[in-house]
Amino acid sequence: MKAFVDQDTCIGCGLCCATCDAVFRLNDEGKSEAYGAVTEENQADVQTAIDNCPVSAISWQ
C-alpha cells in the first residue's frame, strides 16, 4: 500500500510530517506529499497521520 495526499485538500499543517517524517514531507507549495515508502515498521504511524489529518486529505492507495 501507498499513502496518498490530496493536494487540493491539504492545508499544509505539517501534522503528518511530525507523525511520520519517513513518509511525509512538505513540498515547495507548502503542502504535504507522501514521498517515502510505507513499511511494516511505519504503517501504524501512517494510519495515525490519516486518522489525525484535520481535513482528511490523506488516504491509502
# chains A, B, ... in the order shown; residues from 1 in each chain; ligands from 1
call {"tool": "select_by_dssp", "arguments": {"residues": "chain A", "states": "strand (DSSP E)", "output": "MDAnalysis selection string"}}
result
chainID A and resid 3:5 24:26 32:34 58:60
call {"tool": "residues_around", "arguments": {"residues": "A:Asn27", "least_positions_apart": "3", "cutoff": "12 Å", "atoms": "only C-alpha atoms", "output": "list in words"}}
result
Val5, Gln7, Cys10, Ile11, Gly12, Gly14, Cys17, Phe24, Gly30, Lys31, Ser32, Glu33, Ala34 and Tyr35 of chain A
call {"tool": "write_last_selection", "arguments": {"atoms": "C-alpha atoms", "output": "PDB file, in the first residue's frame"}}
result
ATOM      1  CA  VAL A   5      -2.151  13.169  -0.068  1.00  0.00           C
ATOM      2  CA  GLN A   7      -3.088  18.344  -2.847  1.00  0.00           C
ATOM      3  CA  CYS A  10      -4.193  19.600   2.148  1.00  0.00           C
ATOM      4  CA  ILE A  11      -3.774  22.781   4.201  1.00  0.00           C
ATOM      5  CA  GLY A  12      -0.081  22.210   4.934  1.00  0.00           C
ATOM      6  CA  GLY A  14       2.507  19.506   8.903  1.00  0.00           C
ATOM      7  CA  CYS A  17       5.185  15.130   8.752  1.00  0.00           C
ATOM      8  CA  PHE A  24       5.520  12.618   4.576  1.00  0.00           C
ATOM      9  CA  GLY A  30       3.812  24.115   1.401  1.00  0.00           C
ATOM     10  CA  LYS A  31       1.559  21.085   1.058  1.00  0.00           C
ATOM     11  CA  SER A  32       2.253  17.604   2.341  1.00  0.00           C
ATOM     12  CA  GLU A  33       3.277  14.840  -0.008  1.00  0.00           C
ATOM     13  CA  ALA A  34       3.870  11.150   0.516  1.00  0.00           C
ATOM     14  CA  TYR A  35       7.415  10.626  -0.744  1.00  0.00           C
TER      15      TYR A  35
END
call {"tool": "residues_around", "arguments": {"residues": "A:Ile50", "least_positions_apart": "2", "cutoff": "12 Å", "atoms": "only C-alpha atoms", "output": "PDB file with C-alpha atoms, in the first residue's frame"}}
result
ATOM      1  CA  LYS A   2       0.958   3.581  -0.569  1.00  0.00           C
ATOM      2  CA  ALA A   3      -0.096   6.744   1.180  1.00  0.00           C
ATOM      3  CA  PHE A   4      -1.678   9.489  -0.914  1.00  0.00           C
ATOM      4  CA  VAL A   5      -2.151  13.169  -0.068  1.00  0.00           C
ATOM      5  CA  ASP A   6      -4.839  15.092  -1.948  1.00  0.00           C
ATOM      6  CA  CYS A  10      -4.193  19.600   2.148  1.00  0.00           C
ATOM      7  CA  LEU A  15       0.883  17.136  11.388  1.00  0.00           C
ATOM      8  CA  CYS A  16       1.526  14.134   9.138  1.00  0.00           C
ATOM      9  CA  CYS A  17       5.185  15.130   8.752  1.00  0.00           C
ATOM     10  CA  THR A  19       3.818  11.951  12.878  1.00  0.00           C
ATOM     11  CA  CYS A  20       5.770  10.074  10.204  1.00  0.00           C
ATOM     12  CA  VAL A  23       6.768   9.008   4.574  1.00  0.00           C
ATOM     13  CA  PHE A  24       5.520  12.618   4.576  1.00  0.00           C
ATOM     14  CA  ALA A  34       3.870  11.150   0.516  1.00  0.00           C
ATOM     15  CA  GLN A  43       2.477   1.585   8.686  1.00  0.00           C
ATOM     16  CA  ALA A  44       0.860   2.314  12.076  1.00  0.00           C
ATOM     17  CA  ASP A  45       2.307   5.861  12.039  1.00  0.00           C
ATOM     18  CA  VAL A  46       0.904   6.429   8.549  1.00  0.00           C
ATOM     19  CA  GLN A  47      -2.512   5.277   9.755  1.00  0.00           C
ATOM     20  CA  THR A  48      -2.222   7.686  12.685  1.00  0.00           C
ATOM     21  CA  ASN A  52      -5.498  12.735  12.597  1.00  0.00           C
ATOM     22  CA  CYS A  53      -5.388  14.807   9.405  1.00  0.00           C
ATOM     23  CA  PRO A  54      -7.688  17.765  10.188  1.00  0.00           C
ATOM     24  CA  VAL A  55      -9.030  17.930   6.622  1.00  0.00           C
ATOM     25  CA  SER A  56      -8.932  14.197   5.761  1.00  0.00           C
ATOM     26  CA  ALA A  57      -6.501  14.798   2.896  1.00  0.00           C
ATOM     27  CA  ILE A  58      -4.558  11.540   3.385  1.00  0.00           C
ATOM     28  CA  SER A  59      -5.663   8.106   2.281  1.00  0.00           C
ATOM     29  CA  TRP A  60      -4.351   4.688   1.299  1.00  0.00           C
ATOM     30  CA  GLN A  61      -3.862   3.865  -2.357  1.00  0.00           C
TER      31      GLN A  61
END
call {"tool": "select_by_dssp", "arguments": {"residues": "chain A", "states": "alpha helix (DSSP H)", "output": "short mmCIF file (atom, residue, chain, number, x, y, z; two decimals) with C-alpha atoms, in the first residue's frame"}}
result
data_model
loop_
_atom_site.label_atom_id
_atom_site.label_comp_id
_atom_site.auth_asym_id
_atom_site.auth_seq_id
_atom_site.Cartn_x
_atom_site.Cartn_y
_atom_site.Cartn_z
CA LEU A 15 0.88 17.14 11.39
CA CYS A 16 1.53 14.13 9.14
CA CYS A 17 5.18 15.13 8.75
CA ALA A 18 5.55 15.31 12.52
CA THR A 19 3.82 11.95 12.88
CA GLN A 43 2.48 1.59 8.69
CA ALA A 44 0.86 2.31 12.08
CA ASP A 45 2.31 5.86 12.04
CA VAL A 46 0.90 6.43 8.55
CA GLN A 47 -2.51 5.28 9.76
CA THR A 48 -2.22 7.69 12.69
CA ALA A 49 -1.46 10.51 10.23
CA ILE A 50 -4.50 9.51 8.15
CA ASP A 51 -6.72 9.39 11.24
CA ASN A 52 -5.50 12.74 12.60
#
call {"tool": "decode", "arguments": {"residues": "stretch 2-51 of chain A", "atoms": "N, CA and C atoms", "output": "compact mmCIF listing (two decimals), in the first residue's frame"}}
result
# COMPACT_ATOMS: atom_id res chain seq x y z
N LYS A 2 0.29 2.30 -0.55
CA LYS A 2 0.96 3.58 -0.57
C LYS A 2 0.05 4.61 0.07
N ALA A 3 0.66 5.62 0.65
CA ALA A 3 -0.10 6.74 1.18
C ALA A 3 -0.27 7.77 0.07
N PHE A 4 -1.38 8.47 0.09
CA PHE A 4 -1.68 9.49 -0.91
C PHE A 4 -2.18 10.73 -0.20
N VAL A 5 -1.69 11.90 -0.62
CA VAL A 5 -2.15 13.17 -0.07
C VAL A 5 -2.82 13.96 -1.19
N ASP A 6 -4.08 14.29 -0.99
CA ASP A 6 -4.84 15.09 -1.95
C ASP A 6 -4.35 16.54 -1.84
N GLN A 7 -3.68 17.01 -2.86
CA GLN A 7 -3.09 18.34 -2.85
C GLN A 7 -4.13 19.46 -2.82
N ASP A 8 -5.32 19.18 -3.34
CA ASP A 8 -6.37 20.20 -3.33
C ASP A 8 -6.99 20.36 -1.95
N THR A 9 -6.88 19.34 -1.12
CA THR A 9 -7.48 19.36 0.21
C THR A 9 -6.48 19.74 1.30
N CYS A 10 -5.23 19.37 1.13
CA CYS A 10 -4.19 19.60 2.15
C CYS A 10 -4.06 21.09 2.46
N ILE A 11 -3.95 21.39 3.77
CA ILE A 11 -3.77 22.78 4.20
C ILE A 11 -2.34 23.05 4.67
N GLY A 12 -1.49 22.03 4.59
CA GLY A 12 -0.08 22.21 4.93
C GLY A 12 0.19 22.39 6.41
N CYS A 13 -0.60 21.78 7.27
CA CYS A 13 -0.41 21.97 8.71
C CYS A 13 0.84 21.25 9.22
N GLY A 14 1.29 20.20 8.53
CA GLY A 14 2.51 19.51 8.90
C GLY A 14 2.34 18.42 9.95
N LEU A 15 1.11 18.16 10.38
CA LEU A 15 0.88 17.14 11.39
C LEU A 15 1.35 15.76 10.91
N CYS A 16 1.10 15.44 9.67
CA CYS A 16 1.53 14.13 9.14
C CYS A 16 3.05 14.03 9.10
N CYS A 17 3.71 15.12 8.78
CA CYS A 17 5.18 15.13 8.75
C CYS A 17 5.74 14.89 10.14
N ALA A 18 5.11 15.50 11.14
CA ALA A 18 5.55 15.31 12.52
C ALA A 18 5.26 13.89 13.00
N THR A 19 4.21 13.30 12.48
CA THR A 19 3.82 11.95 12.88
C THR A 19 4.69 10.89 12.22
N CYS A 20 5.00 11.09 10.94
CA CYS A 20 5.77 10.07 10.20
C CYS A 20 6.61 10.74 9.12
N ASP A 21 7.74 11.30 9.52
CA ASP A 21 8.60 12.02 8.55
C ASP A 21 9.31 11.09 7.58
N ALA A 22 9.23 9.79 7.82
CA ALA A 22 9.82 8.84 6.86
C ALA A 22 8.95 8.71 5.61
N VAL A 23 7.69 9.13 5.71
CA VAL A 23 6.77 9.01 4.57
C VAL A 23 6.30 10.37 4.06
N PHE A 24 6.09 11.33 4.96
CA PHE A 24 5.52 12.62 4.58
C PHE A 24 6.53 13.76 4.70
N ARG A 25 6.41 14.71 3.79
CA ARG A 25 7.20 15.95 3.84
C ARG A 25 6.38 17.06 3.19
N LEU A 26 6.77 18.29 3.47
CA LEU A 26 6.12 19.42 2.82
C LEU A 26 6.84 19.72 1.52
N ASN A 27 6.08 19.95 0.46
CA ASN A 27 6.68 20.24 -0.84
C ASN A 27 6.90 21.74 -1.00
N ASP A 28 7.33 22.16 -2.17
CA ASP A 28 7.64 23.57 -2.42
C ASP A 28 6.41 24.48 -2.32
N GLU A 29 5.22 23.91 -2.47
CA GLU A 29 3.99 24.68 -2.36
C GLU A 29 3.47 24.74 -0.92
N GLY A 30 4.21 24.11 0.00
CA GLY A 30 3.81 24.12 1.40
C GLY A 30 2.74 23.10 1.74
N LYS A 31 2.53 22.15 0.84
CA LYS A 31 1.56 21.08 1.06
C LYS A 31 2.31 19.79 1.33
N SER A 32 1.65 18.89 2.04
CA SER A 32 2.25 17.60 2.34
C SER A 32 2.24 16.71 1.11
N GLU A 33 3.25 15.87 1.03
CA GLU A 33 3.28 14.84 -0.01
C GLU A 33 3.83 13.57 0.60
N ALA A 34 3.38 12.45 0.07
CA ALA A 34 3.87 11.15 0.52
C ALA A 34 5.02 10.78 -0.42
N TYR A 35 6.23 10.87 0.08
CA TYR A 35 7.41 10.63 -0.74
C TYR A 35 8.11 9.32 -0.39
N GLY A 36 7.94 8.86 0.84
CA GLY A 36 8.66 7.69 1.30
C GLY A 36 7.83 6.43 1.22
N ALA A 37 8.50 5.32 1.33
CA ALA A 37 7.83 4.03 1.26
C ALA A 37 7.16 3.70 2.59
N VAL A 38 5.97 3.14 2.50
CA VAL A 38 5.30 2.63 3.68
C VAL A 38 5.85 1.23 3.95
N THR A 39 6.33 1.05 5.16
CA THR A 39 6.91 -0.24 5.54
C THR A 39 6.10 -0.82 6.70
N GLU A 40 6.41 -2.03 7.03
CA GLU A 40 5.77 -2.67 8.17
C GLU A 40 6.01 -1.87 9.45
N GLU A 41 7.20 -1.29 9.54
CA GLU A 41 7.59 -0.54 10.74
C GLU A 41 6.85 0.79 10.87
N ASN A 42 6.53 1.45 9.76
CA ASN A 42 5.90 2.77 9.85
C ASN A 42 4.42 2.79 9.46
N GLN A 43 3.87 1.65 9.13
CA GLN A 43 2.48 1.59 8.69
C GLN A 43 1.51 2.12 9.74
N ALA A 44 1.73 1.81 11.01
CA ALA A 44 0.86 2.31 12.08
C ALA A 44 0.95 3.84 12.19
N ASP A 45 2.14 4.40 12.00
CA ASP A 45 2.31 5.86 12.04
C ASP A 45 1.59 6.53 10.87
N VAL A 46 1.63 5.89 9.71
CA VAL A 46 0.90 6.43 8.55
C VAL A 46 -0.59 6.42 8.83
N GLN A 47 -1.09 5.33 9.42
CA GLN A 47 -2.51 5.28 9.76
C GLN A 47 -2.87 6.35 10.77
N THR A 48 -1.99 6.61 11.72
CA THR A 48 -2.22 7.69 12.69
C THR A 48 -2.31 9.03 11.98
N ALA A 49 -1.42 9.26 11.01
CA ALA A 49 -1.46 10.51 10.23
C ALA A 49 -2.77 10.62 9.46
N ILE A 50 -3.22 9.52 8.87
CA ILE A 50 -4.50 9.51 8.15
C ILE A 50 -5.64 9.86 9.11
N ASP A 51 -5.65 9.20 10.26
CA ASP A 51 -6.72 9.39 11.24
C ASP A 51 -6.75 10.79 11.82
